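File shown: my_file_32.cif (mmCIF, C-alpha atoms).
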data_structure
loop_
_atom_site.label_atom_id
_atom_site.label_comp_id
_atom_site.auth_asym_id
_atom_site.auth_seq_id
_atom_site.Cartn_x
_atom_site.Cartn_y
_atom_site.Cartn_z
CA MET A 13 26.64 18.30 10.11
CA THR A 14 24.06 16.51 8.04
CA ASN A 15 26.07 14.52 5.52
CA LEU A 16 28.87 12.38 6.79
CA THR A 17 31.59 11.09 4.51
CA PRO A 18 31.85 7.27 4.32
CA PHE A 19 34.90 7.41 6.63
CA GLN A 20 33.08 9.59 9.15
CA GLN A 21 30.04 7.29 9.02
CA LYS A 22 32.21 4.21 9.62
CA PHE A 23 34.03 5.93 12.45
CA LYS A 24 30.75 7.00 14.01
CA ASN A 25 29.29 3.49 13.71
CA LEU A 26 32.38 2.03 15.37
CA CYS A 27 32.17 4.54 18.23
CA LEU A 28 28.44 3.90 18.56
CA ARG A 29 28.95 0.15 18.77
CA LEU A 30 31.72 0.49 21.35
CA GLY A 31 29.72 3.04 23.31
CA LYS A 32 26.58 0.90 23.45
CA SER A 33 28.00 -2.56 23.94
CA ASN A 34 31.70 -2.63 24.61
CA ASN A 35 33.02 -6.02 25.61
CA ALA A 36 36.11 -7.22 27.48
CA VAL A 37 36.95 -9.52 24.61
CA TYR A 38 37.64 -6.57 22.30
CA GLY A 39 40.51 -5.42 24.53
CA ALA A 40 41.85 -8.96 24.85
CA LEU A 41 41.68 -9.54 21.08
CA THR A 42 43.40 -6.20 20.48
CA ILE A 43 46.25 -7.15 22.80
CA ALA A 44 46.56 -10.64 21.31
CA ALA A 45 46.57 -9.40 17.71
CA SER A 46 48.88 -6.47 18.30
CA LYS A 47 51.36 -8.50 20.35
CA GLY A 48 51.15 -11.36 17.88
CA ILE A 49 52.11 -8.99 15.05
CA LEU A 50 54.27 -6.34 16.73
CA ARG A 51 56.49 -8.57 18.85
CA PRO A 52 57.62 -10.94 16.09
CA THR A 53 58.26 -7.88 13.90
CA PHE A 54 60.44 -6.25 16.54
CA THR A 55 62.18 -9.53 17.27
CA MET A 56 63.09 -9.98 13.61
CA MET A 57 64.38 -6.40 13.52
CA ASP A 58 66.69 -6.99 16.48
CA LYS A 59 70.02 -7.51 14.75
CA LYS A 60 71.81 -8.15 18.05
CA GLN A 61 70.38 -11.67 18.11
CA GLU A 62 71.38 -14.47 15.81
CA LYS A 63 69.04 -15.15 12.91
CA LYS A 64 68.19 -18.63 14.19
CA SER A 65 67.26 -17.31 17.60
CA ARG A 66 65.30 -14.42 16.12
CA THR A 67 63.34 -16.67 13.80
CA TYR A 68 62.50 -19.10 16.59
CA THR A 69 61.48 -16.35 19.04
CA ALA A 70 59.39 -14.58 16.40
CA PHE A 71 57.67 -17.84 15.45
CA ARG A 72 56.90 -18.58 19.09
CA GLU A 73 55.58 -15.07 19.71
CA GLY A 74 53.41 -15.19 16.59
CA LEU A 75 52.12 -18.63 17.53
CA THR A 76 51.30 -17.49 21.07
CA GLY A 77 49.44 -14.50 19.60
CA ALA A 78 47.45 -16.78 17.32
CA VAL A 79 46.68 -19.20 20.17
CA ALA A 80 45.54 -16.32 22.38
CA PHE A 81 43.40 -14.76 19.67
CA ILE A 82 41.64 -18.02 18.81
CA SER A 83 41.23 -18.96 22.50
CA TYR A 84 39.57 -15.65 23.30
CA LEU A 85 37.22 -16.01 20.34
CA ILE A 86 36.21 -19.56 21.24
CA THR A 87 35.71 -18.94 24.97
CA ASN A 88 33.79 -15.76 24.23
CA ALA A 89 31.49 -17.59 21.82
CA GLY A 90 30.82 -20.17 24.55
CA VAL A 91 30.16 -17.47 27.10
CA ASN A 92 27.72 -15.70 24.77
CA LYS A 93 25.71 -18.91 24.45
CA LEU A 94 25.79 -19.38 28.21
CA ALA A 95 24.60 -15.79 28.75
CA ALA A 96 21.70 -16.33 26.34
CA LYS A 97 20.67 -19.49 28.20
CA ILE A 98 20.82 -17.82 31.62
CA ALA A 99 18.93 -14.78 30.32
CA GLN A 100 16.23 -17.01 28.85
CA LYS A 101 15.83 -19.11 31.98
CA THR A 102 15.66 -16.10 34.28
CA ASN A 103 13.51 -13.92 31.99
CA ASN A 104 16.28 -11.36 31.68
CA LEU A 105 16.47 -11.14 27.89
CA ASN A 106 16.34 -7.34 28.02
CA LYS A 107 19.54 -7.40 30.12
CA LEU A 108 21.40 -9.79 27.82
CA PRO A 109 24.08 -7.23 26.75
CA GLN A 110 25.00 -6.56 30.41
CA MET A 111 25.10 -10.27 31.12
CA LYS A 112 27.31 -10.91 28.10
CA ALA A 113 29.67 -8.10 29.12
CA THR A 114 30.12 -9.38 32.69
CA LEU A 115 30.56 -12.98 31.59
CA SER A 116 32.97 -11.88 28.89
CA LEU A 117 35.22 -10.21 31.46
CA ILE A 118 35.22 -13.38 33.57
CA SER A 119 35.98 -15.58 30.56
CA VAL A 120 38.77 -13.30 29.30
CA SER A 121 40.44 -13.34 32.73
CA LEU A 122 40.19 -17.12 33.06
CA THR A 123 41.35 -17.67 29.48
CA ALA A 124 44.41 -15.49 30.06
CA LEU A 125 45.12 -17.26 33.33
CA PHE A 126 44.56 -20.94 32.52
CA VAL A 127 43.63 -21.69 28.90
CA ILE A 128 46.40 -19.86 27.03
CA PRO A 129 49.30 -20.96 29.29
CA GLY A 130 47.84 -24.49 29.20
CA ILE A 131 47.71 -24.60 25.41
CA CYS A 132 51.15 -23.00 25.13
CA ASN A 133 52.70 -25.48 27.53
CA TYR A 134 51.17 -28.66 26.17
CA ALA A 135 49.70 -28.24 22.70
CA THR A 136 52.10 -25.87 20.97
CA LYS A 137 55.26 -27.38 22.47
CA PRO A 138 55.52 -30.23 19.90
CA LEU A 139 55.07 -27.67 17.12
CA LEU A 140 57.82 -25.49 18.57
CA ASP A 141 60.09 -28.53 18.95
CA GLU A 142 59.55 -29.39 15.29
CA PHE A 143 60.27 -25.81 14.29
CA GLN A 144 63.42 -25.83 16.38
CA LYS A 145 64.59 -29.01 14.64
CA HIS A 146 63.84 -27.43 11.27
CA LEU A 147 65.85 -24.33 12.21
CA HIS A 148 68.70 -26.45 13.48
CA LYS A 149 68.89 -28.27 10.14
CA LYS A 150 68.62 -25.05 8.18
CA TYR A 151 71.23 -23.06 10.09
CA THR A 152 73.72 -25.77 10.98
CA PRO A 153 75.84 -26.51 7.90
CA THR A 154 77.33 -30.01 7.75
CA PRO A 155 81.13 -29.72 7.98
CA LYS A 156 82.88 -30.84 4.80
CA THR A 157 86.33 -30.94 6.34
CA LYS A 158 87.52 -31.97 9.74
CA PRO A 159 86.83 -29.17 12.22
CA ASP A 160 89.82 -27.25 13.45
CA ILE A 161 90.11 -28.23 17.11
CA ASN A 162 92.14 -25.11 17.85
CA GLN A 163 89.32 -22.91 16.67
CA ASN A 164 87.99 -21.36 19.85
CA VAL A 165 84.42 -20.66 18.73
CA GLN A 166 81.53 -21.41 21.02
CA PRO A 167 78.26 -22.62 19.49
CA PRO A 168 75.32 -20.28 20.09
CA VAL A 169 73.54 -20.95 23.33
CA PHE A 170 69.85 -20.12 23.60
CA THR A 171 68.81 -19.69 27.15
CA SER A 172 66.12 -17.85 29.01
CA LEU A 173 68.53 -15.52 30.73
CA GLN A 174 70.40 -14.50 27.61
CA TYR A 175 67.36 -13.61 25.57
CA GLY A 176 65.29 -12.45 28.40
CA ARG A 177 61.81 -13.62 27.68
CA ILE A 178 61.89 -17.36 27.62
CA TYR A 179 60.78 -19.24 30.67
CA ASN A 180 62.54 -22.44 31.55
CA ASN A 181 64.31 -23.10 28.28
CA PHE A 182 64.55 -22.46 24.58
CA ASN A 183 61.59 -24.60 23.70
CA SER A 184 59.24 -23.78 26.54
CA GLY A 185 55.77 -22.60 25.63
CA LEU A 186 54.95 -20.31 28.58
CA ARG A 187 57.37 -17.45 28.63
CA ILE A 188 58.14 -14.26 30.45
CA GLY A 189 56.29 -11.32 29.04
CA GLY A 190 53.69 -13.51 27.43
CA GLY A 191 51.27 -10.70 27.94
CA LEU A 192 48.61 -12.17 25.71
CA MET B 7 20.44 -20.12 42.53
CA ILE B 8 20.41 -19.23 38.82
CA ASP B 9 18.43 -16.08 39.65
CA LYS B 10 21.16 -15.00 42.04
CA ILE B 11 23.79 -15.57 39.35
CA ALA B 12 21.70 -13.58 36.88
CA ALA B 13 21.33 -10.76 39.42
CA VAL B 14 25.11 -10.57 39.83
CA LEU B 15 25.74 -10.73 36.09
CA THR B 16 23.25 -7.96 35.32
CA ASN B 17 24.33 -5.73 38.19
CA PRO B 18 24.83 -2.31 36.52
CA LYS B 19 28.06 -1.70 38.43
CA PHE B 20 29.59 -4.97 37.20
CA ALA B 21 28.27 -4.46 33.68
CA ASN B 22 29.65 -0.90 33.48
CA PHE B 23 32.98 -2.14 34.80
CA ALA B 24 33.04 -4.95 32.23
CA MET B 25 32.24 -2.51 29.40
CA ASN B 26 35.18 -0.24 30.20
CA THR B 27 38.31 -1.15 28.24
CA LYS B 28 40.72 0.35 30.79
CA TYR B 29 39.20 -1.61 33.65
CA THR B 30 39.03 -4.88 31.73
CA VAL B 31 42.65 -4.63 30.55
CA THR B 32 43.66 -3.82 34.13
CA THR B 33 41.72 -6.82 35.50
CA GLU B 34 43.25 -9.12 32.91
CA SER B 35 46.76 -7.85 33.69
CA ILE B 36 46.27 -8.30 37.44
CA PHE B 37 45.13 -11.88 36.82
CA LYS B 38 48.23 -12.48 34.73
CA ALA B 39 50.53 -10.79 37.26
CA THR B 40 49.28 -13.00 40.09
CA GLY B 41 48.07 -16.18 38.40
CA ARG B 42 50.95 -16.79 36.04
CA PRO B 43 53.67 -16.59 38.70
CA ALA B 44 51.55 -18.97 40.79
CA ALA B 45 51.28 -21.37 37.83
CA ILE B 46 55.04 -21.18 37.28
CA MET B 47 55.72 -21.94 40.95
CA LEU B 48 53.47 -25.01 40.71
CA ASP B 49 55.43 -26.45 37.77
CA ASN B 50 57.45 -29.20 39.44
CA ASN B 51 59.33 -30.09 36.25
CA VAL B 52 61.56 -27.06 36.75
CA ASP B 53 64.05 -26.52 39.56
CA LYS B 54 63.10 -24.18 42.37
CA ASP B 55 65.57 -21.38 41.56
CA THR B 56 64.46 -21.17 37.94
CA ARG B 57 60.83 -21.17 39.03
CA LYS B 58 61.46 -18.36 41.49
CA TYR B 59 63.33 -16.37 38.87
CA ALA B 60 60.67 -16.88 36.20
CA ALA B 61 57.74 -16.22 38.55
CA THR B 62 59.26 -12.99 39.89
CA LYS B 63 60.11 -11.80 36.40
CA GLU B 64 56.66 -12.60 35.03
CA GLY B 65 54.90 -10.86 37.93
CA LEU B 66 57.11 -7.78 37.71
CA TYR B 67 56.80 -7.64 33.93
CA GLN B 68 53.01 -7.66 34.03
CA MET B 69 52.86 -5.06 36.82
CA LEU B 70 55.33 -2.78 35.03
CA CYS B 71 53.38 -3.03 31.78
CA LEU B 72 50.16 -2.26 33.61
CA GLY B 73 51.73 0.70 35.43
CA ILE B 74 53.09 2.20 32.22
CA TYR B 75 49.77 1.59 30.43
CA LEU B 76 47.70 3.20 33.19
CA THR B 77 50.02 6.21 33.23
CA MET B 78 49.80 6.67 29.47
CA ILE B 79 46.03 6.31 29.08
CA PRO B 80 44.93 9.57 30.79
CA LEU B 81 48.02 11.49 29.65
CA PHE B 82 47.74 10.77 25.96
CA PHE B 83 45.00 8.49 24.75
CA LYS B 84 42.02 9.76 26.72
CA ARG B 85 42.93 13.38 26.10
CA TYR B 86 43.99 13.32 22.46
CA GLY B 87 41.81 10.41 21.35
CA PHE B 88 38.65 12.22 22.42
CA LYS B 89 39.79 15.46 20.77
CA LEU B 90 40.57 13.59 17.55
CA ALA B 91 37.14 11.97 17.55
CA GLN B 92 35.55 15.40 18.01
CA LYS B 93 37.57 16.69 15.07
CA ILE B 94 36.53 13.79 12.86
CA LEU B 95 32.85 14.16 13.78
CA LYS B 96 32.92 17.97 13.96
CA GLY B 97 29.41 19.40 14.08
CA ASP B 98 27.71 16.04 14.65
CA LYS B 99 25.10 16.40 17.35
CA ASP B 100 25.84 12.91 18.65
CA LEU B 101 29.21 14.19 19.83
CA PRO B 102 28.73 17.68 21.29
CA VAL B 103 31.66 20.03 21.79
CA PHE B 104 32.61 18.94 25.30
CA LYS B 105 35.70 20.85 26.43
CA ASN B 106 37.51 17.57 27.04
CA ALA B 107 36.96 13.92 27.94
CA ASN B 108 36.66 14.76 31.64
CA GLU B 109 33.75 17.11 31.00
CA TYR B 110 31.93 14.34 29.12
CA LEU B 111 32.69 11.83 31.89
CA ALA B 112 31.33 14.23 34.50
CA TYR B 113 28.18 14.68 32.40
CA ALA B 114 27.75 10.92 31.90
CA LYS B 115 28.22 10.27 35.62
CA ILE B 116 25.57 12.80 36.63
CA ALA B 117 23.19 11.68 33.85
CA SER B 118 23.29 8.13 35.19
CA LEU B 119 21.96 9.27 38.58
CA PRO B 120 18.28 9.65 39.53
CA LYS B 121 16.95 13.17 38.87
CA ASN B 122 16.71 14.14 42.54
CA GLU B 123 20.42 13.38 43.13
CA ARG B 124 21.73 15.50 40.26
CA ASN B 125 21.18 19.02 41.61
CA GLY B 126 24.13 20.13 43.71
CA HIS B 127 26.29 17.19 42.65
CA LYS B 128 30.00 17.90 43.11
CA LEU B 129 30.71 17.23 39.40
CA LEU B 130 28.06 19.67 38.16
CA PRO B 131 30.37 22.75 38.18
CA LYS B 132 32.68 20.85 35.81
CA ILE B 133 30.08 21.11 33.05
CA SER B 134 30.02 24.31 31.05
CA ASP B 135 26.95 26.52 31.50
CA THR B 136 26.69 27.26 27.79
CA LEU B 137 27.28 23.79 26.34
CA LYS B 138 24.47 22.64 24.02
CA ILE B 139 23.86 19.58 21.88
CA SER B 140 23.46 21.87 18.88
CA LYS B 141 22.66 25.50 18.18
CA GLU B 142 19.03 24.57 17.52
CA ASP B 143 18.55 23.11 21.00
CA ASN B 144 16.92 25.57 23.40
CA LEU B 145 18.32 23.97 26.54
CA THR B 146 21.92 23.64 27.61
CA LEU B 147 23.21 20.22 28.63
CA LYS B 148 23.25 21.37 32.24
CA GLN B 149 19.56 22.26 31.98
CA HIS B 150 18.85 18.87 30.43
CA LEU B 151 20.58 17.26 33.40
CA LEU B 152 18.50 19.16 35.91
CA ASN B 153 15.14 19.06 34.10
CA ASP B 154 14.98 15.79 32.17
CA GLU B 155 14.03 12.51 33.76
CA LYS B 156 16.30 10.83 31.23
CA PRO B 157 18.91 13.28 29.91
CA PRO B 158 20.42 12.55 26.49
CA GLU B 159 23.15 9.94 26.49
CA PHE B 160 26.04 10.18 24.08
CA PRO B 161 27.11 6.64 23.22
CA VAL B 162 29.31 8.00 20.42
CA ALA B 163 31.29 9.99 23.00
CA LYS B 164 31.64 6.92 25.23
CA GLY B 165 32.62 4.84 22.21
CA ALA B 166 35.23 7.44 21.22
CA LEU B 167 36.81 7.06 24.67
CA GLU B 168 36.72 3.26 24.42
CA LEU B 169 38.28 3.41 20.97
CA SER B 170 41.06 5.66 22.34
CA ASN B 171 41.65 3.14 25.10
CA LEU B 172 41.82 0.30 22.57
CA VAL B 173 44.36 2.23 20.50
CA GLY B 174 46.18 2.92 23.77
CA THR B 175 46.21 -0.80 24.39
CA ILE B 176 48.00 -1.41 21.09
CA ILE B 177 50.49 1.45 21.31
CA GLY B 178 50.80 1.77 25.08
CA LEU B 179 50.51 -1.77 26.39
CA ALA B 180 51.49 -4.06 23.52
CA TRP B 181 54.30 -1.90 22.20
CA ILE B 182 55.76 0.86 24.40
CA ALA B 183 55.09 -0.66 27.84
CA SER B 184 56.28 -4.02 26.63
CA GLU B 185 59.61 -2.63 25.35
CA LEU B 186 60.08 -0.11 28.15
CA SER B 187 59.48 -2.62 30.91
CA ASN B 188 62.34 -4.75 29.61
CA TYR B 189 64.73 -1.85 30.29
CA ILE B 190 63.41 -1.45 33.83
CA LEU B 191 63.00 -5.16 34.50
CA HIS B 192 66.65 -6.21 34.35
CA PRO B 193 68.01 -3.58 36.78
CA LEU B 194 65.08 -4.41 39.08
CA MET B 195 65.84 -8.13 38.92
CA ARG B 196 69.48 -7.37 39.63
CA LYS B 197 68.50 -5.32 42.69
CA LEU B 198 66.39 -8.21 43.92
CA GLY B 199 69.39 -10.50 43.51
CA PHE B 200 67.96 -12.60 40.69
CA GLU B 201 70.36 -11.46 37.97
CA ASN B 202 74.04 -10.64 37.74
CA LYS B 203 75.43 -7.81 35.65
CA ASN B 204 77.32 -10.20 33.38
CA PRO B 205 74.81 -12.22 31.31
CA GLN B 206 77.54 -14.69 30.24
CA HIS B 207 77.93 -15.69 33.86
CA LEU B 208 74.18 -16.31 34.12
CA ASP B 209 74.15 -18.45 31.01
CA LYS B 210 76.73 -20.74 32.47
CA LYS B 211 74.55 -21.19 35.54
CA VAL B 212 71.55 -22.43 33.55
#

Would you mind writing the structure in this file as structure tokens?
Amino acid sequence: MTNLTPFQQKFKNLCLRLGKSNNAVYGALTIAASKGILRPTFTMMDKKQEKKSRTYTAFREGLTGAVAFISYLITNAGVNKLAAKIAQKTNNLNKLPQMKATLSLISVSLTALFVIPGICNYATKPLLDEFQKHLHKKYTPTPKTKPDINQNVQPPVFTSLQYGRIYNNFNSGLRIGGGL
Amino acid sequence: MIDKIAAVLTNPKFANFAMNTKYTVTTESIFKATGRPAAIMLDNNVDKDTRKYAATKEGLYQMLCLGIYLTMIPLFFKRYGFKLAQKILKGDKDLPVFKNANEYLAYAKIASLPKNERNGHKLLPKISDTLKISKEDNLTLKQHLLNDEKPPEFPVAKGALELSNLVGTIIGLAWIASELSNYILHPLMRKLGFENKNPQHLDKKV
């Protein structure tokens, strides 16, 4: 084959790039992006849950995906700079790709272990609380008449055990099956 | 000190490991499966039972996802992803007609060894005797392996495998394993005594 179509050329370039200098961050970014898109989509499609719960869960999953994606990008950029400095100081510039790859794996693991749960627990919690308040206002109609006390209807309860994937409580950042 | 760090970071074994999508995803998942439960157990703002429940569930979830992912990669993504790449780049000499991904991996493994260690290698019979880069090439790939100091590498073939693994990460890990593990997780948690069959009962406990 001498002439490749534009699609074939792009595909070949992608394979060539991955074959020559694959990096741990690509896998991590793929997981973060796909979970950040797929999970909220599936959550919103799950008609068994109430709309309020679905919207909240999908928002949290999307937010966690975004946090993970950005965290991986930032830590990887830092690690690339660090690798360049080490390579320069040790006269190993020809081995920079290997150095970057190894450091990238270390940074991805540490980011998944500490940075993302840390951000989810502390930084995104206020945002989730605000969103929860917004949902509460939106989906809780103010009663115009006196409520019927004989009406035996329980308000929806959002707990970790009912909906499976939420650690601690409805508004917790770190959750089961975070996976990002 | 910094030289020692550089030596570790540039170690070919570490670098090859870090450039393999399957290994890196596995490493990341193992970190999550062990580190996250540990982090949950250290959170003193939550009562001990909830922590135990959440830590066990998180650890099991990550291990189940990883198990499903690792089962699916060789069965589907490595096999069919490589074939698909060969179809897309049919006739391109950068991706010769290896019988399958395993034949390429055997070739790549032997090609990475010093010349004197290649002859008689246990993986050598796995490479076809007639396989050539292209019709114009006089030598077969096996002959290249045995005669060349530096046999041709095929980064496109390696990249095709990595791309298959990345696609496998989206479909296998982020989607199928994630959904499937939820079906396995609850019966498993019930067997371990963390969940009851009636979810209403559990809600009242929280």

Distance query Met111 of chain A at most 9 Å, only C-alpha atoms, self and fewer than 4 positions along chain excluded, as a list in words: Asn92, Ala95, Ala96, Ile98, Ala99, Asn104, Lys107, Leu115 and Ser116 of chain A; Ala12, Val14, Leu15, Thr16, Asn17 and Ala21 of chain B

What's the 12 Å shell around Ile49 of chain A, counting all atoms listed in the file, without same-chain residues fewer than 2 positions away, as a compact mmCIF listing (two decimals) with C-alpha atoms, in the coordinates of the input?
# COMPACT_ATOMS: atom_id res chain seq x y z
CA THR A 42 43.40 -6.20 20.48
CA ILE A 43 46.25 -7.15 22.80
CA ALA A 44 46.56 -10.64 21.31
CA ALA A 45 46.57 -9.40 17.71
CA SER A 46 48.88 -6.47 18.30
CA LYS A 47 51.36 -8.50 20.35
CA ARG A 51 56.49 -8.57 18.85
CA PRO A 52 57.62 -10.94 16.09
CA THR A 53 58.26 -7.88 13.90
CA PHE A 54 60.44 -6.25 16.54
CA THR A 55 62.18 -9.53 17.27
CA MET A 56 63.09 -9.98 13.61
CA ALA A 70 59.39 -14.58 16.40
CA PHE A 71 57.67 -17.84 15.45
CA ARG A 72 56.90 -18.58 19.09
CA GLU A 73 55.58 -15.07 19.71
CA GLY A 74 53.41 -15.19 16.59
CA LEU A 75 52.12 -18.63 17.53
CA THR A 76 51.30 -17.49 21.07
CA GLY A 77 49.44 -14.50 19.60
CA ALA A 78 47.45 -16.78 17.32
CA PHE A 81 43.40 -14.76 19.67
CA LEU A 192 48.61 -12.17 25.71
CA ILE B 176 48.00 -1.41 21.09
CA ALA B 180 51.49 -4.06 23.52
CA TRP B 181 54.30 -1.90 22.20

Specify as a PDB file with C-alpha atoms, in the coordinates of the input each residue included when the PyMOL selection byres ((chain B) within 8 of (chain A)) is applied to this file.
ATOM      1  CA  ILE B   8      20.410 -19.230  38.820  1.00  0.00           C
ATOM      2  CA  ASP B   9      18.430 -16.080  39.650  1.00  0.00           C
ATOM      3  CA  ALA B  12      21.700 -13.580  36.880  1.00  0.00           C
ATOM      4  CA  LEU B  15      25.740 -10.730  36.090  1.00  0.00           C
ATOM      5  CA  THR B  16      23.250  -7.960  35.320  1.00  0.00           C
ATOM      6  CA  ASN B  17      24.330  -5.730  38.190  1.00  0.00           C
ATOM      7  CA  PRO B  18      24.830  -2.310  36.520  1.00  0.00           C
ATOM      8  CA  PHE B  20      29.590  -4.970  37.200  1.00  0.00           C
ATOM      9  CA  ALA B  21      28.270  -4.460  33.680  1.00  0.00           C
ATOM     10  CA  ASN B  22      29.650  -0.900  33.480  1.00  0.00           C
ATOM     11  CA  ALA B  24      33.040  -4.950  32.230  1.00  0.00           C
ATOM     12  CA  MET B  25      32.240  -2.510  29.400  1.00  0.00           C
ATOM     13  CA  ASN B  26      35.180  -0.240  30.200  1.00  0.00           C
ATOM     14  CA  THR B  27      38.310  -1.150  28.240  1.00  0.00           C
ATOM     15  CA  THR B  30      39.030  -4.880  31.730  1.00  0.00           C
ATOM     16  CA  VAL B  31      42.650  -4.630  30.550  1.00  0.00           C
ATOM     17  CA  THR B  33      41.720  -6.820  35.500  1.00  0.00           C
ATOM     18  CA  GLU B  34      43.250  -9.120  32.910  1.00  0.00           C
ATOM     19  CA  SER B  35      46.760  -7.850  33.690  1.00  0.00           C
ATOM     20  CA  PHE B  37      45.130 -11.880  36.820  1.00  0.00           C
ATOM     21  CA  LYS B  38      48.230 -12.480  34.730  1.00  0.00           C
ATOM     22  CA  GLY B  41      48.070 -16.180  38.400  1.00  0.00           C
ATOM     23  CA  ARG B  42      50.950 -16.790  36.040  1.00  0.00           C
ATOM     24  CA  VAL B  52      61.560 -27.060  36.750  1.00  0.00           C
ATOM     25  CA  THR B  56      64.460 -21.170  37.940  1.00  0.00           C
ATOM     26  CA  ARG B  57      60.830 -21.170  39.030  1.00  0.00           C
ATOM     27  CA  ALA B  60      60.670 -16.880  36.200  1.00  0.00           C
ATOM     28  CA  LYS B  63      60.110 -11.800  36.400  1.00  0.00           C
ATOM     29  CA  GLU B  64      56.660 -12.600  35.030  1.00  0.00           C
ATOM     30  CA  TYR B  67      56.800  -7.640  33.930  1.00  0.00           C
ATOM     31  CA  GLN B  68      53.010  -7.660  34.030  1.00  0.00           C
ATOM     32  CA  ILE B  94      36.530  13.790  12.860  1.00  0.00           C
ATOM     33  CA  LEU B  95      32.850  14.160  13.780  1.00  0.00           C
ATOM     34  CA  LYS B  96      32.920  17.970  13.960  1.00  0.00           C
ATOM     35  CA  GLY B  97      29.410  19.400  14.080  1.00  0.00           C
ATOM     36  CA  ASP B  98      27.710  16.040  14.650  1.00  0.00           C
ATOM     37  CA  LYS B  99      25.100  16.400  17.350  1.00  0.00           C
ATOM     38  CA  PRO B 161      27.110   6.640  23.220  1.00  0.00           C
ATOM     39  CA  VAL B 162      29.310   8.000  20.420  1.00  0.00           C
ATOM     40  CA  ALA B 163      31.290   9.990  23.000  1.00  0.00           C
ATOM     41  CA  LYS B 164      31.640   6.920  25.230  1.00  0.00           C
ATOM     42  CA  GLY B 165      32.620   4.840  22.210  1.00  0.00           C
ATOM     43  CA  ALA B 166      35.230   7.440  21.220  1.00  0.00           C
ATOM     44  CA  GLU B 168      36.720   3.260  24.420  1.00  0.00           C
ATOM     45  CA  LEU B 169      38.280   3.410  20.970  1.00  0.00           C
ATOM     46  CA  LEU B 172      41.820   0.300  22.570  1.00  0.00           C
ATOM     47  CA  THR B 175      46.210  -0.800  24.390  1.00  0.00           C
ATOM     48  CA  ILE B 176      48.000  -1.410  21.090  1.00  0.00           C
ATOM     49  CA  LEU B 179      50.510  -1.770  26.390  1.00  0.00           C
ATOM     50  CA  ALA B 180      51.490  -4.060  23.520  1.00  0.00           C
ATOM     51  CA  TRP B 181      54.300  -1.900  22.200  1.00  0.00           C
ATOM     52  CA  SER B 184      56.280  -4.020  26.630  1.00  0.00           C
ATOM     53  CA  PRO B 205      74.810 -12.220  31.310  1.00  0.00           C
ATOM     54  CA  GLN B 206      77.540 -14.690  30.240  1.00  0.00           C
ATOM     55  CA  LEU B 208      74.180 -16.310  34.120  1.00  0.00           C
ATOM     56  CA  ASP B 209      74.150 -18.450  31.010  1.00  0.00           C
ATOM     57  CA  VAL B 212      71.550 -22.430  33.550  1.00  0.00           C
TER      58      VAL B 212
END

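The space between atom CA of Asn153 of chain B and atom CA of Phe23 of chain B spans 27.7 Å.
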
Quick one: apply the PyMOL selection byres ((chain B and resi 74-83) around 10) to the file and drop the selected residues here as number ranges by chain. B: 28-29, 31-32, 69-73, 84-90, 107-108, 167-180, 182-184, 186-187

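Using all atoms listed in the file for every distance, the candidate list B:Pro158, B:Thr146, B:Met7, B:Leu66 yields B:Leu66 as the residue closest to Ile190 of chain B.
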
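The space between atom CA of Ala112 of chain B and atom CA of Leu129 of chain B spans 5.8 Å.
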
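The space between atom CA of Asp58 of chain A and atom CA of Ala61 of chain B spans 25.5 Å.
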
Determine the residue set returned by the PyMOL selection byres ((chain B and resi 105) around 12) for the present structure, and present it as a JSON list (two decimals) with C-alpha atoms, in the coordinates of the input.
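Final output, saved to result-v7.json:
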[["chain", "number", "residue", "atom", "x", "y", "z"],
["B", 85, "ARG", "CA", 42.93, 13.38, 26.10],
["B", 86, "TYR", "CA", 43.99, 13.32, 22.46],
["B", 88, "PHE", "CA", 38.65, 12.22, 22.42],
["B", 89, "LYS", "CA", 39.79, 15.46, 20.77],
["B", 92, "GLN", "CA", 35.55, 15.40, 18.01],
["B", 101, "LEU", "CA", 29.21, 14.19, 19.83],
["B", 102, "PRO", "CA", 28.73, 17.68, 21.29],
["B", 103, "VAL", "CA", 31.66, 20.03, 21.79],
["B", 104, "PHE", "CA", 32.61, 18.94, 25.30],
["B", 106, "ASN", "CA", 37.51, 17.57, 27.04],
["B", 107, "ALA", "CA", 36.96, 13.92, 27.94],
["B", 108, "ASN", "CA", 36.66, 14.76, 31.64],
["B", 109, "GLU", "CA", 33.75, 17.11, 31.00],
["B", 110, "TYR", "CA", 31.93, 14.34, 29.12],
["B", 111, "LEU", "CA", 32.69, 11.83, 31.89],
["B", 112, "ALA", "CA", 31.33, 14.23, 34.50],
["B", 113, "TYR", "CA", 28.18, 14.68, 32.40],
["B", 132, "LYS", "CA", 32.68, 20.85, 35.81],
["B", 133, "ILE", "CA", 30.08, 21.11, 33.05],
["B", 134, "SER", "CA", 30.02, 24.31, 31.05],
["B", 135, "ASP", "CA", 26.95, 26.52, 31.50],
["B", 136, "THR", "CA", 26.69, 27.26, 27.79],
["B", 137, "LEU", "CA", 27.28, 23.79, 26.34],
["B", 138, "LYS", "CA", 24.47, 22.64, 24.02]]

Surrounding residues of Gly126 of chain B excluding itself and chain neighbours under 5 positions, 12 Å, all atoms listed in the file, as a list in words: Ile116, Lys121, Pro131, Lys132, Lys148, Leu151 and Leu152 of chain B

Of the listed residues B:Lys58, B:Ala45, B:Lys115, B:Asn51, that which approaches Glu159 of chain B most closely, counting only C-alpha atoms: B:Lys115

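Within 12 Å of the file-frame point (60.9, -26.4, 13.4), and using all atoms listed in the file, the polymer residues found are Lys64, Ser65, Thr67, Tyr68, Thr69, Phe71, Arg72, Thr136, Lys137, Pro138, Leu139, Leu140, Asp141, Glu142, Phe143, Gln144, Lys145, His146, Leu147, His148, Lys149, Lys150, Tyr151 and Asn183 of chain A.
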